[in-house]
$ cat coords_18.txt   # compact mmCIF, C-alpha atoms and all ligand atoms
# COMPACT_ATOMS: atom_id res chain seq x y z
CA MET V 22 -25.22 3.45 -7.62
CA ASP V 23 -24.96 3.50 -11.42
CA LYS V 24 -21.89 1.38 -12.01
CA PHE V 25 -21.47 2.23 -15.67
CA ASP V 26 -21.43 5.96 -14.83
CA TYR V 27 -18.72 5.28 -12.27
CA MET V 28 -16.80 3.08 -14.73
CA VAL V 29 -16.92 5.78 -17.39
CA LYS V 30 -15.90 8.49 -14.93
CA HIS V 31 -12.76 6.66 -13.77
CA GLY V 32 -11.93 4.52 -16.81
CA PHE V 33 -12.65 1.05 -15.40
CA GLU V 34 -12.35 -1.84 -17.85
CA GLN V 35 -14.26 -4.69 -16.25
CA LEU V 36 -16.41 -5.58 -13.27
CA VAL V 37 -17.11 -9.28 -12.85
CA TYR V 38 -19.66 -10.74 -10.40
CA PHE V 39 -19.38 -14.42 -9.55
CA TYR V 40 -21.24 -16.95 -7.45
CA ASP V 41 -20.41 -20.59 -6.73
CA LYS V 42 -23.47 -22.65 -5.95
CA THR V 43 -21.58 -25.40 -4.08
CA THR V 44 -19.77 -23.22 -1.53
CA GLY V 45 -21.88 -20.05 -1.56
CA LEU V 46 -18.84 -18.04 -2.67
CA LYS V 47 -19.98 -14.57 -3.72
CA GLY V 48 -17.52 -12.07 -5.07
CA ILE V 49 -16.67 -9.25 -7.39
CA THR V 50 -13.43 -8.80 -9.33
CA CYS V 51 -12.65 -5.39 -10.71
CA ILE V 52 -10.07 -4.73 -13.40
CA HIS V 53 -9.39 -1.03 -13.53
CA ASP V 54 -6.69 -0.53 -16.14
CA THR V 55 -4.39 -2.97 -17.96
CA THR V 56 -2.38 -0.52 -20.07
CA LEU V 57 0.87 -1.51 -18.36
CA GLY V 58 0.17 -5.21 -17.82
CA PRO V 59 -2.16 -7.66 -16.10
CA ALA V 60 -4.22 -6.21 -13.25
CA LEU V 61 -2.82 -7.26 -9.87
CA GLY V 62 -4.49 -6.85 -6.49
CA GLY V 63 -5.35 -8.99 -3.51
CA THR V 64 -8.60 -10.71 -2.48
CA ARG V 65 -10.35 -9.10 0.47
CA LEU V 66 -12.98 -11.06 2.42
CA TRP V 67 -15.46 -8.83 4.23
CA ASN V 68 -19.00 -8.95 5.53
CA TYR V 69 -20.27 -6.03 3.47
CA ASN V 70 -23.68 -4.64 4.36
CA ASN V 71 -24.82 -4.78 0.76
CA GLU V 72 -23.66 -5.39 -2.80
CA ASP V 73 -23.16 -1.74 -3.66
CA GLU V 74 -20.85 -1.25 -0.72
CA ALA V 75 -18.77 -4.20 -1.95
CA ALA V 76 -18.78 -2.94 -5.55
CA LEU V 77 -17.68 0.54 -4.55
CA ASP V 78 -14.92 -0.86 -2.36
CA VAL V 79 -13.54 -3.18 -5.03
CA MET V 80 -13.55 -0.38 -7.62
CA ARG V 81 -11.86 2.11 -5.30
CA LEU V 82 -9.21 -0.45 -4.32
CA ALA V 83 -8.57 -1.57 -7.91
CA ARG V 84 -8.06 2.03 -9.00
CA GLY V 85 -5.61 2.53 -6.15
CA MET V 86 -3.63 -0.49 -7.37
CA THR V 87 -3.34 0.98 -10.87
CA LEU V 88 -1.69 4.08 -9.45
CA LYS V 89 0.48 2.15 -6.99
CA SER V 90 1.93 -0.23 -9.60
CA ALA V 91 2.35 2.50 -12.21
CA ALA V 92 4.23 4.74 -9.78
CA ALA V 93 6.36 1.77 -8.68
CA GLY V 94 7.60 1.30 -12.24
CA LEU V 95 5.99 -2.14 -12.55
CA ASN V 96 4.42 -3.60 -15.67
CA LEU V 97 1.14 -4.20 -13.93
CA GLY V 98 -2.34 -2.79 -14.06
CA GLY V 99 -4.73 -2.38 -11.15
CA GLY V 100 -7.28 -4.90 -9.98
CA LYS V 101 -8.87 -6.27 -6.84
CA THR V 102 -11.34 -8.91 -5.67
CA VAL V 103 -13.77 -8.67 -2.80
CA LEU V 104 -15.60 -11.65 -1.37
CA ILE V 105 -18.82 -11.02 0.51
CA GLY V 106 -18.96 -13.25 3.57
CA ASP V 107 -18.13 -13.92 7.20
CA ALA V 108 -14.45 -14.83 7.49
CA GLU V 109 -15.20 -16.85 10.65
CA THR V 110 -17.52 -19.28 8.91
CA CYS V 111 -17.21 -19.29 5.13
CA LYS V 112 -13.61 -20.34 4.49
CA SER V 113 -12.76 -23.83 3.21
CA GLU V 114 -10.61 -25.57 0.63
CA ALA V 115 -13.55 -25.70 -1.78
CA TYR V 116 -14.37 -22.00 -1.24
CA PHE V 117 -10.90 -20.85 -2.26
CA ARG V 118 -10.60 -23.38 -5.08
CA ALA V 119 -13.89 -22.06 -6.43
CA LEU V 120 -12.37 -18.58 -6.30
CA GLY V 121 -9.29 -19.89 -8.14
CA ARG V 122 -11.47 -21.12 -10.99
CA PHE V 123 -13.05 -17.70 -11.42
CA VAL V 124 -9.61 -16.08 -11.38
CA GLN V 125 -8.46 -18.60 -14.02
CA SER V 126 -11.49 -17.79 -16.17
CA LEU V 127 -10.09 -14.27 -16.64
CA ASN V 128 -7.17 -15.93 -18.38
CA GLY V 129 -4.39 -13.82 -16.89
CA ARG V 130 -6.03 -10.41 -17.16
CA TYR V 131 -6.17 -10.45 -13.34
CA ILE V 132 -3.67 -11.83 -10.80
CA THR V 133 -4.70 -12.21 -7.18
CA ALA V 134 -2.93 -12.41 -3.79
CA GLU V 135 -3.85 -12.35 -0.10
CA ASP V 136 -5.44 -9.28 1.50
CA VAL V 137 -7.63 -8.49 4.52
CA ASN V 138 -9.05 -11.76 5.97
CA THR V 139 -7.31 -14.00 3.42
CA THR V 140 -3.94 -15.65 3.99
CA THR V 141 -1.09 -17.11 2.02
CA LEU V 142 -2.43 -20.53 2.99
CA ASP V 143 -5.83 -19.70 1.47
CA MET V 144 -3.94 -18.73 -1.68
CA GLU V 145 -2.44 -22.24 -1.82
CA TYR V 146 -5.98 -23.50 -2.50
CA VAL V 147 -6.51 -20.77 -5.09
CA ASN V 148 -3.27 -21.92 -6.71
CA MET V 149 -4.69 -25.46 -7.15
CA GLU V 150 -7.04 -24.03 -9.76
CA THR V 151 -5.10 -21.12 -11.26
CA LYS V 152 -1.55 -20.04 -11.87
CA TYR V 153 -2.61 -16.39 -11.63
CA VAL V 154 -1.92 -15.96 -7.91
CA VAL V 155 1.14 -14.54 -6.14
CA GLY V 156 2.35 -14.10 -2.56
CA LEU V 157 2.47 -17.84 -1.98
CA GLU V 158 4.17 -19.56 0.95
CA GLY V 159 7.82 -20.28 0.27
CA LYS V 160 8.02 -17.84 -2.65
CA SER V 161 8.27 -14.08 -2.04
CA GLY V 162 7.49 -14.54 1.68
CA ASN V 163 6.38 -11.92 4.21
CA PRO V 164 6.25 -8.53 2.41
CA SER V 165 6.37 -6.40 5.59
CA PRO V 166 10.17 -6.07 6.02
CA ILE V 167 10.38 -5.10 2.34
CA THR V 168 7.53 -2.59 2.61
CA ALA V 169 9.28 -1.12 5.64
CA LEU V 170 12.57 -0.94 3.75
CA GLY V 171 10.86 0.98 0.95
CA ALA V 172 9.41 3.39 3.49
CA PHE V 173 12.84 3.75 5.10
CA TYR V 174 14.25 4.89 1.74
CA GLY V 175 11.20 7.12 1.38
CA ILE V 176 11.99 8.79 4.72
CA LYS V 177 15.57 9.33 3.54
CA ALA V 178 14.36 10.92 0.28
CA ALA V 179 12.05 13.28 2.19
CA LEU V 180 14.91 14.27 4.53
CA LYS V 181 17.14 14.91 1.53
CA TYR V 182 14.52 17.06 -0.14
CA ARG V 183 13.66 19.05 2.95
CA PHE V 184 17.03 19.29 4.77
CA ASN V 185 19.51 18.52 2.00
CA THR V 186 20.88 15.55 3.94
CA ASP V 187 19.51 12.03 4.28
CA ASP V 188 21.55 11.24 7.36
CA ILE V 189 19.00 9.43 9.56
CA SER V 190 21.11 10.08 12.70
CA LYS V 191 20.50 13.83 12.61
CA PHE V 192 16.72 13.57 13.09
CA SER V 193 13.95 12.40 15.42
CA TYR V 194 10.93 10.22 14.59
CA ALA V 195 7.43 9.44 15.85
CA VAL V 196 6.24 6.03 14.62
CA GLN V 197 2.50 5.31 14.89
CA GLY V 198 2.01 1.54 15.16
CA ALA V 199 4.74 -1.00 15.85
CA GLY V 200 3.11 -3.91 14.00
CA GLN V 201 4.43 -5.75 10.96
CA THR V 202 5.85 -2.70 9.16
CA GLY V 203 6.36 -0.20 12.02
CA TYR V 204 8.50 -2.72 13.89
CA TYR V 205 10.91 -3.05 10.95
CA ILE V 206 11.03 0.69 10.27
CA ILE V 207 12.06 1.25 13.88
CA LYS V 208 14.72 -1.43 13.45
CA TYR V 209 16.15 0.25 10.32
CA LEU V 210 16.05 3.67 12.00
CA LEU V 211 17.93 2.29 15.00
CA GLU V 212 20.52 0.60 12.78
CA ASN V 213 21.15 4.04 11.31
CA ASN V 214 21.52 5.68 14.72
CA ALA V 215 18.34 7.76 14.70
CA LYS V 216 18.67 10.64 17.18
CA LYS V 217 15.40 9.80 18.98
CA ILE V 218 12.44 7.50 18.26
CA TYR V 219 8.99 7.57 19.88
CA PHE V 220 6.27 5.03 19.15
CA SER V 221 2.57 4.64 19.90
CA GLU V 222 0.66 1.36 19.98
CA ILE V 223 -2.62 -0.08 21.22
CA ASN V 224 -1.62 -3.75 21.23
CA PRO V 225 -0.01 -4.62 24.61
CA LYS V 226 2.05 -7.43 23.03
CA HIS V 227 3.63 -5.04 20.55
CA ILE V 228 4.32 -2.49 23.30
CA GLU V 229 5.94 -5.18 25.43
CA ARG V 230 8.04 -6.44 22.49
CA MET V 231 9.38 -2.94 21.79
CA ASN V 232 10.12 -2.26 25.47
CA ARG V 233 11.96 -5.57 25.75
CA GLU V 234 13.92 -5.42 22.49
CA HIS V 235 14.53 -1.68 22.18
CA PRO V 236 14.03 0.06 25.54
CA MET V 237 15.52 3.29 24.15
CA VAL V 238 12.46 3.68 21.86
CA GLU V 239 10.03 5.69 23.97
CA PHE V 240 6.34 4.81 24.19
CA VAL V 241 3.81 7.64 23.96
CA ASP V 242 0.06 7.59 24.35
CA PRO V 243 -1.67 7.08 20.94
CA ASN V 244 -3.42 10.46 21.28
CA GLU V 245 -0.14 12.27 21.83
CA ILE V 246 1.80 10.97 18.84
CA TYR V 247 0.54 13.78 16.56
CA SER V 248 1.74 16.68 18.67
CA LEU V 249 5.28 15.48 19.42
CA ASP V 250 8.05 17.87 18.52
CA VAL V 251 9.95 15.60 16.10
CA ASP V 252 11.22 15.88 12.51
CA VAL V 253 9.33 12.96 10.96
CA PHE V 254 5.87 11.52 11.64
CA VAL V 255 5.78 7.88 10.46
CA PRO V 256 2.18 6.54 10.21
CA CYS V 257 2.26 2.72 10.18
CA ALA V 258 -1.12 1.79 11.65
CA LEU V 259 -4.41 2.98 10.23
CA GLY V 260 -5.86 4.87 7.29
CA ALA V 261 -7.41 8.36 7.47
CA VAL V 262 -5.02 9.52 10.20
CA LEU V 263 -4.35 12.79 8.35
CA ASN V 264 -7.50 14.82 8.84
CA ASP V 265 -8.99 18.09 10.14
CA SER V 266 -8.20 17.29 13.74
CA THR V 267 -4.68 15.81 13.40
CA ILE V 268 -3.02 17.97 10.72
CA PRO V 269 -3.10 21.20 12.79
CA LYS V 270 -1.43 19.34 15.69
CA LEU V 271 1.59 18.10 13.73
CA GLN V 272 4.92 19.69 14.69
CA THR V 273 6.91 17.65 12.16
CA ALA V 274 8.52 18.72 8.90
CA ILE V 275 7.82 15.39 7.18
CA ILE V 276 5.08 12.75 7.08
CA ALA V 277 6.33 9.45 5.67
CA GLY V 278 5.05 6.00 6.63
CA THR V 279 3.60 2.73 5.38
CA ALA V 280 -0.11 3.11 6.16
CA ASN V 281 -2.57 2.94 3.27
CA ASN V 282 -5.01 5.80 2.55
CA GLN V 283 -3.47 8.15 5.11
CA LEU V 284 -5.42 11.19 3.91
CA LEU V 285 -9.05 11.14 5.05
CA ASP V 286 -9.99 13.36 2.09
CA GLU V 287 -7.30 13.23 -0.58
CA ILE V 288 -7.98 16.64 -2.07
CA LYS V 289 -8.76 18.60 1.07
CA HIS V 290 -6.14 17.12 3.35
CA GLY V 291 -3.40 16.88 0.71
CA LYS V 292 -3.77 20.63 0.25
CA MET V 293 -4.04 21.32 3.97
CA ILE V 294 -0.68 19.58 4.54
CA LYS V 295 0.93 21.56 1.73
CA ASP V 296 -0.50 24.82 3.08
CA ARG V 297 1.02 24.06 6.47
CA GLY V 298 4.40 23.63 4.76
CA LEU V 299 4.78 19.95 5.66
CA LEU V 300 6.31 17.48 3.22
CA TYR V 301 4.08 14.43 2.72
CA ALA V 302 5.42 11.27 1.03
CA PRO V 303 2.35 9.93 -0.83
CA ASP V 304 1.33 6.62 0.70
CA PHE V 305 0.87 4.67 -2.50
CA VAL V 306 4.42 5.52 -3.58
CA ILE V 307 6.26 5.03 -0.31
CA ASN V 308 4.50 1.77 0.65
CA ALA V 309 4.89 0.00 -2.72
CA GLY V 310 7.54 -2.42 -1.39
CA GLY V 311 4.93 -5.17 -0.94
CA VAL V 312 3.68 -5.07 -4.51
CA ILE V 313 7.25 -4.81 -5.82
CA ASN V 314 8.03 -7.94 -3.78
CA VAL V 315 5.19 -10.04 -5.25
CA TYR V 316 5.83 -8.72 -8.76
CA HIS V 317 9.26 -10.34 -8.60
CA GLU V 318 7.57 -13.65 -7.87
CA MET V 319 6.13 -13.47 -11.39
CA LYS V 320 9.58 -12.92 -12.87
CA GLY V 321 11.49 -15.52 -10.82
CA TYR V 322 12.08 -14.34 -7.29
CA ASN V 323 15.50 -12.98 -6.39
CA ARG V 324 15.83 -11.01 -3.13
CA ASP V 325 18.72 -8.82 -4.39
CA ASN V 326 16.67 -7.69 -7.38
CA VAL V 327 13.73 -6.88 -5.11
CA ILE V 328 15.90 -4.75 -2.83
CA ARG V 329 17.40 -2.98 -5.85
CA ASP V 330 13.88 -2.10 -7.07
CA VAL V 331 12.63 -1.08 -3.64
CA LYS V 332 15.52 1.37 -3.24
CA LYS V 333 14.23 3.19 -6.35
CA ILE V 334 11.44 4.60 -4.15
CA TYR V 335 14.06 7.16 -3.07
CA ASP V 336 14.58 8.70 -6.52
CA ARG V 337 10.92 8.36 -7.42
CA LEU V 338 9.86 10.41 -4.41
CA LEU V 339 12.46 13.09 -5.17
CA GLU V 340 10.97 13.37 -8.65
CA ILE V 341 7.43 13.62 -7.24
CA PHE V 342 8.45 16.30 -4.72
CA LYS V 343 9.95 18.26 -7.62
CA ILE V 344 6.76 17.95 -9.68
CA SER V 345 4.79 19.16 -6.67
CA ASP V 346 6.96 22.27 -6.30
CA GLU V 347 7.16 23.08 -10.00
CA ALA V 348 3.44 22.64 -10.64
CA ALA V 349 2.44 24.15 -7.26
CA ILE V 350 0.29 21.12 -6.41
CA ASP V 351 0.35 18.97 -3.32
CA THR V 352 2.49 15.82 -3.32
CA GLN V 353 -0.48 13.42 -3.50
CA GLN V 354 -1.66 15.10 -6.71
CA ALA V 355 1.93 15.18 -7.99
CA ALA V 356 2.21 11.42 -7.41
CA LYS V 357 -0.93 10.90 -9.47
CA VAL V 358 0.46 13.05 -12.26
CA PHE V 359 3.65 10.97 -12.14
CA ALA V 360 1.77 7.63 -12.28
CA LEU V 361 -0.72 8.68 -14.96
CA LYS V 362 2.06 10.08 -17.14
CA ARG V 363 3.80 6.70 -17.11
CA ILE V 364 0.58 4.89 -18.05
CA ASP V 365 -0.04 7.37 -20.85
CA THR V 366 3.51 7.29 -22.24
CA ILE V 367 4.00 3.52 -22.08
CA GLY V 368 0.51 3.04 -23.50
CA LYS V 369 1.43 5.20 -26.46
CA ILE V 370 4.68 3.38 -27.28
CA HIS V 371 2.57 0.24 -27.64
CA THR V 372 0.59 1.73 -30.50
CA ASN V 373 3.10 0.88 -33.20
CA TYR V 374 3.03 -2.64 -34.58
CA ILE V 375 5.93 -5.00 -33.91
CA ASN V 376 6.09 -8.66 -34.78
P1 LIG Q 401 -0.16 -4.39 11.47
O1 LIG Q 401 -1.57 -4.67 11.79
O2 LIG Q 401 0.85 -5.49 11.61
O3 LIG Q 401 0.38 -3.15 12.33
C1 LIG Q 401 -0.39 -2.05 12.66
C2 LIG Q 401 -0.15 -1.75 14.13
O4 LIG Q 401 -0.80 -0.54 14.46
C3 LIG Q 401 -0.71 -2.83 15.05
O5 LIG Q 401 0.30 -3.29 15.92
C4 LIG Q 401 -1.83 -2.12 15.82
O6 LIG Q 401 -1.96 -2.56 17.14
C5 LIG Q 401 -1.36 -0.68 15.74
N1 LIG Q 401 -2.43 0.30 15.91
C6 LIG Q 401 -3.74 0.21 15.53
N2 LIG Q 401 -4.39 1.33 15.86
C7 LIG Q 401 -3.49 2.15 16.44
C8 LIG Q 401 -3.57 3.46 16.98
N3 LIG Q 401 -4.71 4.13 17.02
N4 LIG Q 401 -2.44 4.00 17.50
C9 LIG Q 401 -1.26 3.31 17.49
N5 LIG Q 401 -1.15 2.08 16.98
C10 LIG Q 401 -2.24 1.50 16.48
O7 LIG Q 401 -0.15 -3.80 9.98
P2 LIG Q 401 1.06 -3.54 8.99
O8 LIG Q 401 1.21 -4.71 8.09
O9 LIG Q 401 2.25 -3.01 9.70
O10 LIG Q 401 0.41 -2.38 8.12
C11 LIG Q 401 0.32 -1.06 8.61
C12 LIG Q 401 -0.27 -0.19 7.51
O11 LIG Q 401 0.56 -0.29 6.35
C13 LIG Q 401 -1.67 -0.60 7.06
O12 LIG Q 401 -2.37 0.56 6.69
C14 LIG Q 401 -1.39 -1.45 5.82
O13 LIG Q 401 -2.48 -1.45 4.94
C15 LIG Q 401 -0.21 -0.71 5.24
N6 LIG Q 401 0.61 -1.53 4.35
C16 LIG Q 401 1.23 -2.64 4.79
C17 LIG Q 401 2.00 -3.40 3.91
C18 LIG Q 401 2.72 -4.63 4.37
O14 LIG Q 401 3.57 -5.15 3.61
N7 LIG Q 401 2.46 -5.14 5.55
C19 LIG Q 401 2.14 -3.01 2.56
C20 LIG Q 401 1.52 -1.82 2.14
C21 LIG Q 401 0.74 -1.10 3.04
$ encode --input "coords_18.txt" --output "structure tokens"
Amino acid sequence: MDKFDYMVKHGFEQLVYFYDKTTGLKGITCIHDTTLGPALGGTRLWNYNNEDEAALDVMRLARGMTLKSAAAGLNLGGGKTVLIGDAETCKSEAYFRALGRFVQSLNGRYITAEDVNTTTLDMEYVNMETKYVVGLEGKSGNPSPITALGAFYGIKAALKYRFNTDDISKFSYAVQGAGQTGYYIIKYLLENNAKKIYFSEINPKHIERMNREHPMVEFVDPNEIYSLDVDVFVPCALGAVLNDSTIPKLQTAIIAGTANNQLLDEIKHGKMIKDRGLLYAPDFVINAGGVINVYHEMKGYNRDNVIRDVKKIYDRLLEIFKISDEAAIDTQQAAKVFALKRIDTIGKIHTNYIN
């Protein structure tokens, strides 16, 4: 893999490799674009097969963060860190403090947070060596209810656009995954008297919790969730669930959920969904509640302000759906147009000198 070619192709600013000889910490931080502000993105710990796999992953994820924050109206760029190691054996206070020192060495160009295989408690150690870390215990707290709230407003926006009413009670829903975010979406849908809710799960504890707390929410086999005759499919489990085999099965008018990277192939499957006449709420727009939540930690956390910002996902999606129709492009491409336009415009207003 020629990394400079890839950097040039997608406009990456910086790729930093680091190694700590005391703890064996090995990692890569990628800063994709800082036009709007410091690059923010979590630290993922993974046992990558090789360095190139890790480099490609960190670059892909950092680029995704640029789009997510730009579309969310935040003054943040996109970044990410990956650590190469076995999460079962490599973690320690020293390991994460060593990471904190590398984060600090970027002097605020990059801000980190927890991600896959790292926790808010690990970030406490990072915070001993750098102030450039968010998502700490006792600050913005668990992002999942907020992410779910954003997706709830996203579902309402899609209903409004497709059916000219955002009255949740008139429609039926199929929620894939009743984990951290799916559980809360179901709760918000129930509070708004959803006509009917189905859910699929593979974790027996989560199935049991739903049956106990909300017996009216009907369990369906994970393979059957795609072909249910409902108005909204709400993916809240895995990535790549929208693909050649699932898209033809969908009976829904709308796809709107929290899962990251829902389209297996962004170009092919974004178009396939549009061609089938389904309305897809782009994942990086509808699931931005989490990043909006930690952003507020940087500004002095206030829950009311967070909720106010998260509700803006509604209007933002309406604007993206309009761009998609007017430009005859699928909604994923329209969301990119929307995000890149903001980066371009805000970047340009910064060209004149002010003291
Ligand atoms: P989670 O792990 O708490 O929940 C996912 C649930 O899906 C689990 O209960 C799991 O058992 C279930 N599941 C896995 N495979 C399944 C399958 N084949 N069929 C049905 N259910 C299945 O995760 P989460 O925090 O709710 O996140 C869900 C998605 O949303 C992920 O893609 C995540 O990256 C994304 N996301 C989450 C947040 C957040 O704030 N938590 C923010 C942005 C994006």
$ residues_around --input "coords_18.txt" --residues "V:Phe173" --least-positions-apart "5" --cutoff "9 Å" --atoms "all atoms listed in the file" --output "PDB file with C-alpha atoms, keeping the file's coordinate frame"
ATOM      1  CA  THR V 168       7.530  -2.590   2.610  1.00  0.00           C
ATOM      2  CA  ALA V 178      14.360  10.920   0.280  1.00  0.00           C
ATOM      3  CA  ILE V 206      11.030   0.690  10.270  1.00  0.00           C
ATOM      4  CA  TYR V 209      16.150   0.250  10.320  1.00  0.00           C
ATOM      5  CA  LEU V 210      16.050   3.670  12.000  1.00  0.00           C
ATOM      6  CA  ALA V 277       6.330   9.450   5.670  1.00  0.00           C
ATOM      7  CA  GLY V 278       5.050   6.000   6.630  1.00  0.00           C
ATOM      8  CA  ILE V 307       6.260   5.030  -0.310  1.00  0.00           C
ATOM      9  CA  TYR V 335      14.060   7.160  -3.070  1.00  0.00           C
TER      10      TYR V 335
END
$ axis_aligned_box --input "coords_18.txt" --around "ligand LIG 401 (chain Q)" --padding-each-side "5 Å" --output "AutoDock Vina command-line options"
--center_x -0.6 --center_y -0.7 --center_z 9.8 --size_x 18.3 --size_y 19.6 --size_z 25.4
$ residues_near_ligand --input "coords_18.txt" --ligand "ligand LIG 401 (chain Q)" --cutoff "7 Å" --atoms "all atoms listed in the file" --output "list in words"
Pro164, Ser165, Ile167, Thr168, Gln197, Gly198, Ala199, Gly200, Gln201, Thr202, Gly203, Ser221, Glu222, Ile223, Asn224, His227, Pro243, Cys257, Ala258, Leu259, Gly260, Thr279, Ala280, Asn281, Asn308, Ala309, Gly310 and Gly311 of chain V
$ write_last_selection --input "coords_18.txt" --atoms "C-alpha atoms" --output "mmCIF file, in the coordinates of the input"
data_model
loop_
_atom_site.group_PDB
_atom_site.id
_atom_site.type_symbol
_atom_site.label_atom_id
_atom_site.label_comp_id
_atom_site.auth_asym_id
_atom_site.auth_seq_id
_atom_site.Cartn_x
_atom_site.Cartn_y
_atom_site.Cartn_z
ATOM 1 C CA PRO V 164 6.250 -8.530 2.410
ATOM 2 C CA SER V 165 6.370 -6.400 5.590
ATOM 3 C CA ILE V 167 10.380 -5.100 2.340
ATOM 4 C CA THR V 168 7.530 -2.590 2.610
ATOM 5 C CA GLN V 197 2.500 5.310 14.890
ATOM 6 C CA GLY V 198 2.010 1.540 15.160
ATOM 7 C CA ALA V 199 4.740 -1.000 15.850
ATOM 8 C CA GLY V 200 3.110 -3.910 14.000
ATOM 9 C CA GLN V 201 4.430 -5.750 10.960
ATOM 10 C CA THR V 202 5.850 -2.700 9.160
ATOM 11 C CA GLY V 203 6.360 -0.200 12.020
ATOM 12 C CA SER V 221 2.570 4.640 19.900
ATOM 13 C CA GLU V 222 0.660 1.360 19.980
ATOM 14 C CA ILE V 223 -2.620 -0.080 21.220
ATOM 15 C CA ASN V 224 -1.620 -3.750 21.230
ATOM 16 C CA HIS V 227 3.630 -5.040 20.550
ATOM 17 C CA PRO V 243 -1.670 7.080 20.940
ATOM 18 C CA CYS V 257 2.260 2.720 10.180
ATOM 19 C CA ALA V 258 -1.120 1.790 11.650
ATOM 20 C CA LEU V 259 -4.410 2.980 10.230
ATOM 21 C CA GLY V 260 -5.860 4.870 7.290
ATOM 22 C CA THR V 279 3.600 2.730 5.380
ATOM 23 C CA ALA V 280 -0.110 3.110 6.160
ATOM 24 C CA ASN V 281 -2.570 2.940 3.270
ATOM 25 C CA ASN V 308 4.500 1.770 0.650
ATOM 26 C CA ALA V 309 4.890 0.000 -2.720
ATOM 27 C CA GLY V 310 7.540 -2.420 -1.390
ATOM 28 C CA GLY V 311 4.930 -5.170 -0.940
#
$ closest_atom_pairs --input "coords_18.txt" --of "stretch 109-216 of chain V" --to "stretch 40-47 of chain V" --cutoff "12 Å" --atoms "only C-alpha atoms" --output "tab-separated table"
residue	atom	partner	partner_atom	distance
V:Thr110	CA	V:Gly45	CA	11.4
V:Cys111	CA	V:Leu46	CA	8.1
V:Lys112	CA	V:Thr44	CA	9.1
V:Ser113	CA	V:Thr44	CA	8.5
V:Glu114	CA	V:Thr44	CA	9.7
V:Ala115	CA	V:Thr44	CA	6.7
V:Tyr116	CA	V:Thr44	CA	5.5
V:Phe117	CA	V:Leu46	CA	8.4
V:Arg118	CA	V:Thr44	CA	9.8
V:Ala119	CA	V:Asp41	CA	6.7
V:Leu120	CA	V:Leu46	CA	7.4
V:Gly121	CA	V:Leu46	CA	11.2
V:Arg122	CA	V:Asp41	CA	9.9
V:Phe123	CA	V:Tyr40	CA	9.1
$ residues_around --input "coords_18.txt" --residues "V:Ser345" --least-positions-apart "3" --cutoff "10 Å" --atoms "only C-alpha atoms" --output "number ranges by chain"
V: 295, 339-342, 348-356, 358-359
$ closest_residue --input "coords_18.txt" --among "V:His53, V:Gly106, V:Glu229, V:Val155" --to "V:Ala75" --atoms "all atoms listed in the file"
V:Gly106
$ residues_near_point --input "coords_18.txt" --point "(-22.4, -5.9, -0.1)" --cutoff "10 Å" --atoms "all atoms listed in the file" --output "mmCIF file with C-alpha atoms, in the frame of the given file"
data_model
loop_
_atom_site.group_PDB
_atom_site.id
_atom_site.type_symbol
_atom_site.label_atom_id
_atom_site.label_comp_id
_atom_site.auth_asym_id
_atom_site.auth_seq_id
_atom_site.Cartn_x
_atom_site.Cartn_y
_atom_site.Cartn_z
ATOM 1 C CA LYS V 47 -19.980 -14.570 -3.720
ATOM 2 C CA GLY V 48 -17.520 -12.070 -5.070
ATOM 3 C CA ILE V 49 -16.670 -9.250 -7.390
ATOM 4 C CA TRP V 67 -15.460 -8.830 4.230
ATOM 5 C CA ASN V 68 -19.000 -8.950 5.530
ATOM 6 C CA TYR V 69 -20.270 -6.030 3.470
ATOM 7 C CA ASN V 70 -23.680 -4.640 4.360
ATOM 8 C CA ASN V 71 -24.820 -4.780 0.760
ATOM 9 C CA GLU V 72 -23.660 -5.390 -2.800
ATOM 10 C CA ASP V 73 -23.160 -1.740 -3.660
ATOM 11 C CA GLU V 74 -20.850 -1.250 -0.720
ATOM 12 C CA ALA V 75 -18.770 -4.200 -1.950
ATOM 13 C CA ALA V 76 -18.780 -2.940 -5.550
ATOM 14 C CA LEU V 77 -17.680 0.540 -4.550
ATOM 15 C CA ASP V 78 -14.920 -0.860 -2.360
ATOM 16 C CA VAL V 103 -13.770 -8.670 -2.800
ATOM 17 C CA LEU V 104 -15.600 -11.650 -1.370
ATOM 18 C CA ILE V 105 -18.820 -11.020 0.510
ATOM 19 C CA GLY V 106 -18.960 -13.250 3.570
#
$ closest_residue --input "coords_18.txt" --among "V:Arg337, V:His31, V:Arg363, V:His371" --to "V:Gly175" --atoms "all atoms listed in the file"
V:Arg337
$ closest_residue --input "coords_18.txt" --among "V:Thr141, V:Lys181, V:Leu263, V:Pro236" --to "V:Ile288" --atoms "only C-alpha atoms"
V:Leu263
